[in-house]
Amino acid sequence: DGSASAIRSAFPSVKLLQQQRRCGFGANHNAALRRAAGRYVLLLNDDTLVRPGAVDALTEYLDEHPDVALAAPRVVNRAGDEEVSAWELPTPTRDALSAITLGRRPKPLSGGAAPRRVGWATGCVLLARRVSMLAVGGFDESYFMYSEEVDLARRLADLGLQTHWVPAATVVHDGQASTGGHASTARAVEMSRSRREYWRRNYSHRGRLLAQTSVSVEFLALAVASALRGRTGKPFWIHARGCWTDTSLPGLREQAIEWNARTGV
């Protein structure tokens, strides 16, 4: 769309890595990680705005906490309202509790004025210790998009490396602007696919059944509620079915494959 040329022209000192293929979130970040040289790397979505001083605050925090591999800022929307952005690592029991309470429990770990250890934080913006990222091989590229930051935080935690939420840094996030928003069926397909992959990798058979059953019921309830309000419930139906299997609809992965084929790369 001309963005790469615009960056190259406006910021000639920037090392621009222009991929010829559309790849997933983790694969794109890993390509840059392999060329990075600093002690920290900033993982930043293109629908964000970094407030002044945010990167400095995250850098200072990692400097002072050598056992922390990922530092996540406070995330706000364009109106300035704080978004929920950090949680405990998922477990079957937590998934079931979240489903039963429609996301109200367990409580998120973001919020307040004090930094704290969390299980994982949203991948829209993270400052990562480069050696820690390399130690776990970066993002797992089998996730095309979504759940890869949860998987990363879990693998880092397995090595004794922590993720912290740091409210002294603030980043504005225009949520889902890159993937079509909450009504996007492709986004729903990809999110449910990645969620199911995370369960397969990290839960026992019994744990997967608990998570699949409870979360699918949650999304069925959300679909019905949405329909009663006169809104489309299709993405919720996709999420509900996606707890068990893929739908016939294309996800973000299929859109990228189709684009690559159409452009001959």
# chains A, B, ... in the order shown; residues from 1 in each chain; ligands from 1
call {"tool": "residues_around", "arguments": {"residues": "region 221-234 of chain A", "least_positions_apart": "6", "cutoff": "10 Å", "atoms": "only C-alpha atoms", "output": "ChimeraX atom specification"}}
result
/A:99,102,183-185,188,215,240
call {"tool": "select_by_dssp", "arguments": {"residues": "region 9-200 of chain A", "states": "helix (DSSP H, G or I)", "output": "tab-separated table (two decimals) with C-alpha atoms, in the first residue's frame"}}
result
chain	number	residue	atom	x	y	z
A	9	SER	CA	11.64	8.15	2.23
A	10	ALA	CA	10.72	9.93	5.47
A	25	PHE	CA	2.23	-11.90	13.79
A	26	GLY	CA	4.89	-14.11	15.37
A	27	ALA	CA	6.73	-14.77	12.11
A	28	ASN	CA	6.94	-11.06	11.33
A	29	HIS	CA	8.28	-10.22	14.77
A	30	ASN	CA	10.78	-13.07	14.66
A	31	ALA	CA	12.15	-11.79	11.34
A	32	ALA	CA	12.94	-8.45	13.00
A	33	LEU	CA	14.18	-10.13	16.20
A	54	ALA	CA	6.76	5.35	27.79
A	55	VAL	CA	9.72	3.51	26.26
A	56	ASP	CA	12.11	5.16	28.73
A	57	ALA	CA	9.93	4.02	31.65
A	58	LEU	CA	9.79	0.43	30.39
A	59	THR	CA	13.54	0.40	29.70
A	60	GLU	CA	14.36	1.66	33.18
A	61	TYR	CA	12.08	-0.95	34.69
A	62	LEU	CA	13.79	-3.81	32.88
A	63	ASP	CA	17.19	-2.37	33.80
A	64	GLU	CA	16.18	-2.51	37.47
A	92	PRO	CA	-8.86	-24.78	32.53
A	93	THR	CA	-10.33	-23.65	35.86
A	94	ARG	CA	-9.74	-19.97	35.09
A	95	ASP	CA	-11.23	-20.41	31.63
A	96	ALA	CA	-14.33	-22.00	33.13
A	97	LEU	CA	-14.66	-19.31	35.80
A	98	SER	CA	-14.30	-16.58	33.18
A	99	ALA	CA	-16.94	-18.25	31.02
A	100	ILE	CA	-19.42	-18.64	33.88
A	130	ARG	CA	16.26	-9.74	23.68
A	131	VAL	CA	18.36	-12.52	25.21
A	132	SER	CA	15.23	-13.91	26.88
A	133	MET	CA	13.33	-13.87	23.60
A	134	LEU	CA	16.19	-15.68	21.88
A	135	ALA	CA	16.38	-18.21	24.73
A	148	GLU	CA	1.13	-16.12	20.69
A	149	GLU	CA	1.87	-13.60	23.46
A	150	VAL	CA	0.20	-15.89	26.04
A	151	ASP	CA	2.28	-18.79	24.77
A	152	LEU	CA	5.43	-16.66	24.89
A	153	ALA	CA	4.80	-15.54	28.48
A	154	ARG	CA	4.19	-19.14	29.53
A	155	ARG	CA	7.40	-20.41	27.93
A	156	LEU	CA	9.36	-17.58	29.56
A	157	ALA	CA	7.77	-18.37	32.92
A	158	ASP	CA	8.88	-21.99	32.53
A	185	THR	CA	-15.50	-13.16	10.93
A	186	ALA	CA	-11.89	-13.74	9.81
A	187	ARG	CA	-10.69	-12.44	13.15
A	188	ALA	CA	-13.11	-14.71	15.03
A	189	VAL	CA	-11.94	-17.74	13.04
A	190	GLU	CA	-8.28	-17.00	13.78
A	191	MET	CA	-8.81	-16.22	17.46
A	192	SER	CA	-10.74	-19.44	18.08
A	193	ARG	CA	-8.19	-21.47	16.12
A	194	SER	CA	-5.29	-20.08	18.16
A	195	ARG	CA	-7.18	-20.53	21.42
A	196	ARG	CA	-7.79	-24.17	20.56
A	197	GLU	CA	-4.09	-24.63	19.67
A	198	TYR	CA	-3.06	-23.15	23.02
A	199	TRP	CA	-5.37	-25.55	24.84
A	200	ARG	CA	-3.97	-28.49	22.86
call {"tool": "closest_residue", "arguments": {"among": "A:Leu70, A:Asp81, A:Ser142, A:Arg105", "to": "Val118 (chain A)", "atoms": "only C-alpha atoms"}}
result
A:Leu70
call {"tool": "atom_distance", "arguments": {"atom1": "CA of Ala169 (chain A)", "atom2": "CA of Ala72 (chain A)"}}
result
8.1 Å
call {"tool": "atom_distance", "arguments": {"atom1": "CA of Gln212 (chain A)", "atom2": "CA of Leu89 (chain A)"}}
result
16.8 Å
call {"tool": "select_by_dssp", "arguments": {"residues": "region 54-259 of chain A", "states": "strand (DSSP E)", "output": "ChimeraX atom specification"}}
result
/A:68-76,86-87,116-118,120-121,125-129,162-173
call {"tool": "write_last_selection", "arguments": {"atoms": "N, CA, C and O atoms", "output": "tab-separated table (two decimals), in the first residue's frame"}}
result
chain	number	residue	atom	x	y	z
A	68	VAL	N	12.92	-9.98	35.03
A	68	VAL	CA	11.73	-9.68	34.22
A	68	VAL	C	12.12	-9.71	32.75
A	68	VAL	O	13.06	-9.03	32.34
A	69	ALA	N	11.39	-10.49	31.95
A	69	ALA	CA	11.69	-10.59	30.52
A	69	ALA	C	10.78	-9.72	29.67
A	69	ALA	O	11.17	-9.28	28.60
A	70	LEU	N	9.55	-9.48	30.14
A	70	LEU	CA	8.58	-8.68	29.40
A	70	LEU	C	8.01	-7.60	30.30
A	70	LEU	O	7.58	-7.88	31.42
A	71	ALA	N	8.01	-6.36	29.80
A	71	ALA	CA	7.41	-5.24	30.52
A	71	ALA	C	6.29	-4.67	29.67
A	71	ALA	O	6.50	-4.32	28.50
A	72	ALA	N	5.10	-4.58	30.26
A	72	ALA	CA	3.91	-4.12	29.53
A	72	ALA	C	3.43	-2.80	30.13
A	72	ALA	O	3.36	-2.66	31.35
A	73	PRO	N	3.07	-1.83	29.30
A	73	PRO	CA	2.61	-0.54	29.81
A	73	PRO	C	1.12	-0.54	30.13
A	73	PRO	O	0.40	-1.50	29.85
A	74	ARG	N	0.67	0.56	30.71
A	74	ARG	CA	-0.76	0.82	30.80
A	74	ARG	C	-1.28	1.07	29.39
A	74	ARG	O	-0.65	1.80	28.60
A	75	VAL	N	-2.40	0.51	29.03
A	75	VAL	CA	-2.98	0.69	27.70
A	75	VAL	C	-4.30	1.44	27.83
A	75	VAL	O	-5.16	1.08	28.64
A	76	VAL	N	-4.45	2.51	27.06
A	76	VAL	CA	-5.68	3.29	27.07
A	76	VAL	C	-6.22	3.37	25.64
A	76	VAL	O	-5.48	3.18	24.67
A	86	ALA	N	-3.82	-7.04	31.20
A	86	ALA	CA	-2.94	-8.02	31.83
A	86	ALA	C	-3.76	-8.97	32.68
A	86	ALA	O	-4.72	-8.56	33.35
A	87	TRP	N	-3.35	-10.25	32.68
A	87	TRP	CA	-4.11	-11.30	33.35
A	87	TRP	C	-3.15	-12.36	33.92
A	87	TRP	O	-1.97	-12.36	33.63
A	116	ARG	N	3.33	-4.51	38.87
A	116	ARG	CA	3.13	-5.82	39.49
A	116	ARG	C	3.45	-6.94	38.49
A	116	ARG	O	3.43	-6.73	37.28
A	117	ARG	N	3.70	-8.09	39.06
A	117	ARG	CA	3.91	-9.28	38.23
A	117	ARG	C	2.55	-9.77	37.72
A	117	ARG	O	1.56	-9.79	38.46
A	118	VAL	N	2.51	-10.16	36.45
A	118	VAL	CA	1.29	-10.69	35.85
A	118	VAL	C	1.64	-11.99	35.13
A	118	VAL	O	2.82	-12.32	34.95
A	120	TRP	N	0.41	-12.74	31.89
A	120	TRP	CA	0.67	-12.32	30.51
A	120	TRP	C	-0.01	-10.98	30.28
A	120	TRP	O	-0.88	-10.57	31.04
A	121	ALA	N	0.44	-10.29	29.25
A	121	ALA	CA	-0.13	-8.99	28.90
A	121	ALA	C	-0.35	-8.94	27.40
A	121	ALA	O	0.31	-9.64	26.63
A	125	VAL	N	1.68	-4.05	22.70
A	125	VAL	CA	2.94	-3.37	23.01
A	125	VAL	C	3.61	-4.06	24.19
A	125	VAL	O	3.02	-4.23	25.25
A	126	LEU	N	4.85	-4.49	23.98
A	126	LEU	CA	5.64	-5.12	25.02
A	126	LEU	C	7.10	-4.73	24.79
A	126	LEU	O	7.57	-4.71	23.66
A	127	LEU	N	7.81	-4.44	25.87
A	127	LEU	CA	9.26	-4.30	25.77
A	127	LEU	C	9.85	-5.60	26.29
A	127	LEU	O	9.58	-6.01	27.42
A	128	ALA	N	10.64	-6.26	25.44
A	128	ALA	CA	11.15	-7.60	25.75
A	128	ALA	C	12.66	-7.59	25.86
A	128	ALA	O	13.35	-6.88	25.11
A	129	ARG	N	13.17	-8.38	26.79
A	129	ARG	CA	14.61	-8.58	26.90
A	129	ARG	C	15.05	-9.50	25.75
A	129	ARG	O	14.57	-10.63	25.64
A	162	GLN	N	9.93	-13.47	34.26
A	162	GLN	CA	8.63	-12.91	34.60
A	162	GLN	C	8.13	-11.89	33.58
A	162	GLN	O	8.90	-11.33	32.80
A	163	THR	N	6.81	-11.66	33.63
A	163	THR	CA	6.15	-10.59	32.90
A	163	THR	C	5.57	-9.62	33.91
A	163	THR	O	4.89	-10.05	34.85
A	164	HIS	N	5.85	-8.31	33.75
A	164	HIS	CA	5.34	-7.30	34.68
A	164	HIS	C	4.54	-6.24	33.94
A	164	HIS	O	4.84	-5.89	32.80
A	165	TRP	N	3.53	-5.73	34.63
A	165	TRP	CA	2.73	-4.60	34.15
A	165	TRP	C	3.27	-3.34	34.78
A	165	TRP	O	3.45	-3.27	36.01
A	166	VAL	N	3.59	-2.32	33.95
A	166	VAL	CA	4.29	-1.12	34.41
A	166	VAL	C	3.45	0.12	34.08
A	166	VAL	O	3.52	0.65	32.96
A	167	PRO	N	2.65	0.63	35.03
A	167	PRO	CA	1.73	1.74	34.73
A	167	PRO	C	2.41	3.08	34.52
A	167	PRO	O	1.75	4.03	34.08
A	168	ALA	N	3.71	3.20	34.83
A	168	ALA	CA	4.41	4.47	34.59
A	168	ALA	C	4.53	4.76	33.10
A	168	ALA	O	4.77	5.90	32.70
A	169	ALA	N	4.34	3.74	32.26
A	169	ALA	CA	4.36	3.89	30.81
A	169	ALA	C	2.92	3.76	30.28
A	169	ALA	O	2.17	2.90	30.73
A	170	THR	N	2.57	4.61	29.32
A	170	THR	CA	1.22	4.57	28.75
A	170	THR	C	1.29	4.54	27.24
A	170	THR	O	2.06	5.29	26.63
A	171	VAL	N	0.47	3.68	26.64
A	171	VAL	CA	0.37	3.57	25.18
A	171	VAL	C	-1.12	3.59	24.81
A	171	VAL	O	-1.94	2.95	25.46
A	172	VAL	N	-1.44	4.35	23.77
A	172	VAL	CA	-2.81	4.42	23.26
A	172	VAL	C	-3.00	3.31	22.22
A	172	VAL	O	-2.15	3.13	21.34
A	173	HIS	N	-4.11	2.58	22.34
A	173	HIS	CA	-4.36	1.46	21.44
A	173	HIS	C	-5.73	1.60	20.80
A	173	HIS	O	-6.73	1.72	21.50
call {"tool": "closest_residue", "arguments": {"among": "A:Arg51, A:Arg206, A:Arg35, A:Arg104", "to": "Gly80 (chain A)", "atoms": "only C-alpha atoms"}}
result
A:Arg51
call {"tool": "closest_residue", "arguments": {"among": "A:Asp174, A:Gly103, A:Gly123, A:Pro66", "to": "Thr48 (chain A)", "atoms": "only C-alpha atoms"}}
result
A:Asp174
call {"tool": "atom_distance", "arguments": {"atom1": "CA of Glu141 (chain A)", "atom2": "CA of Ser85 (chain A)"}}
result
22.4 Å
call {"tool": "residues_around", "arguments": {"residues": "Gly207 (chain A)", "least_positions_apart": "2", "cutoff": "8 Å", "atoms": "only C-alpha atoms", "output": "MDAnalysis selection string"}}
result
chainID A and resid 91:93 203:205 209:211
call {"tool": "decode", "arguments": {"residues": "region 88-130 of chain A", "atoms": "N, CA and C atoms", "output": "CSV table (one decimal), in the first residue's frame"}}
result
chain,number,residue,atom,x,y,z
A,88,GLU,N,-3.7,-13.3,34.7
A,88,GLU,CA,-3.0,-14.5,35.1
A,88,GLU,C,-2.9,-15.4,33.8
A,89,LEU,N,-1.9,-16.3,33.8
A,89,LEU,CA,-1.9,-17.3,32.7
A,89,LEU,C,-3.1,-18.2,32.8
A,90,PRO,N,-3.6,-18.5,31.6
A,90,PRO,CA,-4.9,-19.3,31.5
A,90,PRO,C,-4.7,-20.7,32.1
A,91,THR,N,-5.7,-21.2,32.7
A,91,THR,CA,-5.8,-22.6,33.1
A,91,THR,C,-7.2,-23.0,32.8
A,92,PRO,N,-7.5,-24.3,32.8
A,92,PRO,CA,-8.9,-24.8,32.5
A,92,PRO,C,-9.8,-24.2,33.6
A,93,THR,N,-9.4,-24.2,34.8
A,93,THR,CA,-10.3,-23.7,35.9
A,93,THR,C,-10.6,-22.2,35.7
A,94,ARG,N,-9.6,-21.4,35.3
A,94,ARG,CA,-9.7,-20.0,35.1
A,94,ARG,C,-10.6,-19.7,33.9
A,95,ASP,N,-10.4,-20.5,32.8
A,95,ASP,CA,-11.2,-20.4,31.6
A,95,ASP,C,-12.7,-20.7,32.0
A,96,ALA,N,-13.0,-21.7,32.8
A,96,ALA,CA,-14.3,-22.0,33.1
A,96,ALA,C,-14.9,-20.9,34.0
A,97,LEU,N,-14.2,-20.4,34.9
A,97,LEU,CA,-14.7,-19.3,35.8
A,97,LEU,C,-15.0,-18.1,35.0
A,98,SER,N,-14.1,-17.7,34.0
A,98,SER,CA,-14.3,-16.6,33.2
A,98,SER,C,-15.5,-16.8,32.3
A,99,ALA,N,-15.8,-18.0,31.8
A,99,ALA,CA,-16.9,-18.2,31.0
A,99,ALA,C,-18.2,-18.1,31.8
A,100,ILE,N,-18.2,-18.7,33.0
A,100,ILE,CA,-19.4,-18.6,33.9
A,100,ILE,C,-19.8,-17.2,34.2
A,101,THR,N,-18.8,-16.4,34.5
A,101,THR,CA,-19.0,-15.0,34.9
A,101,THR,C,-19.0,-14.0,33.7
A,102,LEU,N,-19.0,-14.5,32.5
A,102,LEU,CA,-18.9,-13.7,31.3
A,102,LEU,C,-17.7,-12.7,31.3
A,103,GLY,N,-16.6,-13.2,31.8
A,103,GLY,CA,-15.4,-12.5,31.8
A,103,GLY,C,-15.1,-11.6,33.0
A,104,ARG,N,-16.0,-11.6,34.0
A,104,ARG,CA,-15.8,-10.8,35.1
A,104,ARG,C,-14.9,-11.4,36.2
A,105,ARG,N,-14.7,-12.7,36.1
A,105,ARG,CA,-13.8,-13.3,37.0
A,105,ARG,C,-12.9,-14.3,36.2
A,106,PRO,N,-11.7,-14.6,36.6
A,106,PRO,CA,-10.9,-13.9,37.6
A,106,PRO,C,-10.6,-12.4,37.1
A,107,LYS,N,-10.4,-11.6,38.1
A,107,LYS,CA,-10.2,-10.1,37.8
A,107,LYS,C,-8.9,-9.9,37.1
A,108,PRO,N,-8.9,-9.0,36.1
A,108,PRO,CA,-7.6,-8.7,35.4
A,108,PRO,C,-6.6,-8.1,36.4
A,109,LEU,N,-5.4,-8.2,36.0
A,109,LEU,CA,-4.3,-7.7,36.9
A,109,LEU,C,-3.8,-6.3,36.5
A,110,SER,N,-4.3,-5.7,35.4
A,110,SER,CA,-4.0,-4.3,35.1
A,110,SER,C,-4.9,-3.4,35.9
A,111,GLY,N,-4.4,-2.2,36.1
A,111,GLY,CA,-5.1,-1.2,36.9
A,111,GLY,C,-4.4,-0.8,38.1
A,112,GLY,N,-4.6,0.5,38.5
A,112,GLY,CA,-3.9,1.0,39.7
A,112,GLY,C,-2.6,1.7,39.4
A,113,ALA,N,-1.9,2.1,40.4
A,113,ALA,CA,-0.7,2.9,40.2
A,113,ALA,C,0.6,2.2,40.4
A,114,ALA,N,0.5,0.9,40.9
A,114,ALA,CA,1.8,0.2,41.3
A,114,ALA,C,2.1,-0.9,40.2
A,115,PRO,N,3.3,-1.0,39.8
A,115,PRO,CA,3.7,-2.1,38.9
A,115,PRO,C,3.6,-3.5,39.6
A,116,ARG,N,3.3,-4.5,38.9
A,116,ARG,CA,3.1,-5.8,39.5
A,116,ARG,C,3.5,-6.9,38.5
A,117,ARG,N,3.7,-8.1,39.1
A,117,ARG,CA,3.9,-9.3,38.2
A,117,ARG,C,2.6,-9.8,37.7
A,118,VAL,N,2.5,-10.2,36.5
A,118,VAL,CA,1.3,-10.7,35.8
A,118,VAL,C,1.6,-12.0,35.1
A,119,GLY,N,0.6,-12.7,34.7
A,119,GLY,CA,0.9,-13.9,33.9
A,119,GLY,C,1.2,-13.6,32.5
A,120,TRP,N,0.4,-12.7,31.9
A,120,TRP,CA,0.7,-12.3,30.5
A,120,TRP,C,0.0,-11.0,30.3
A,121,ALA,N,0.4,-10.3,29.2
A,121,ALA,CA,-0.1,-9.0,28.9
A,121,ALA,C,-0.4,-8.9,27.4
A,122,THR,N,-1.3,-8.1,27.0
A,122,THR,CA,-1.6,-8.0,25.6
A,122,THR,C,-0.4,-7.7,24.7
A,123,GLY,N,-0.3,-8.3,23.6
A,123,GLY,CA,0.9,-8.2,22.7
A,123,GLY,C,0.9,-6.9,21.9
A,124,CYS,N,-0.1,-6.0,22.1
A,124,CYS,CA,-0.1,-4.8,21.2
A,124,CYS,C,1.1,-4.0,21.5
A,125,VAL,N,1.7,-4.1,22.7
A,125,VAL,CA,2.9,-3.4,23.0
A,125,VAL,C,3.6,-4.1,24.2
A,126,LEU,N,4.9,-4.5,24.0
A,126,LEU,CA,5.6,-5.1,25.0
A,126,LEU,C,7.1,-4.7,24.8
A,127,LEU,N,7.8,-4.4,25.9
A,127,LEU,CA,9.3,-4.3,25.8
A,127,LEU,C,9.9,-5.6,26.3
A,128,ALA,N,10.6,-6.3,25.4
A,128,ALA,CA,11.1,-7.6,25.7
A,128,ALA,C,12.7,-7.6,25.9
A,129,ARG,N,13.2,-8.4,26.8
A,129,ARG,CA,14.6,-8.6,26.9
A,129,ARG,C,15.0,-9.5,25.7
A,130,ARG,N,15.9,-9.0,24.9
A,130,ARG,CA,16.3,-9.7,23.7
A,130,ARG,C,16.8,-11.1,24.0
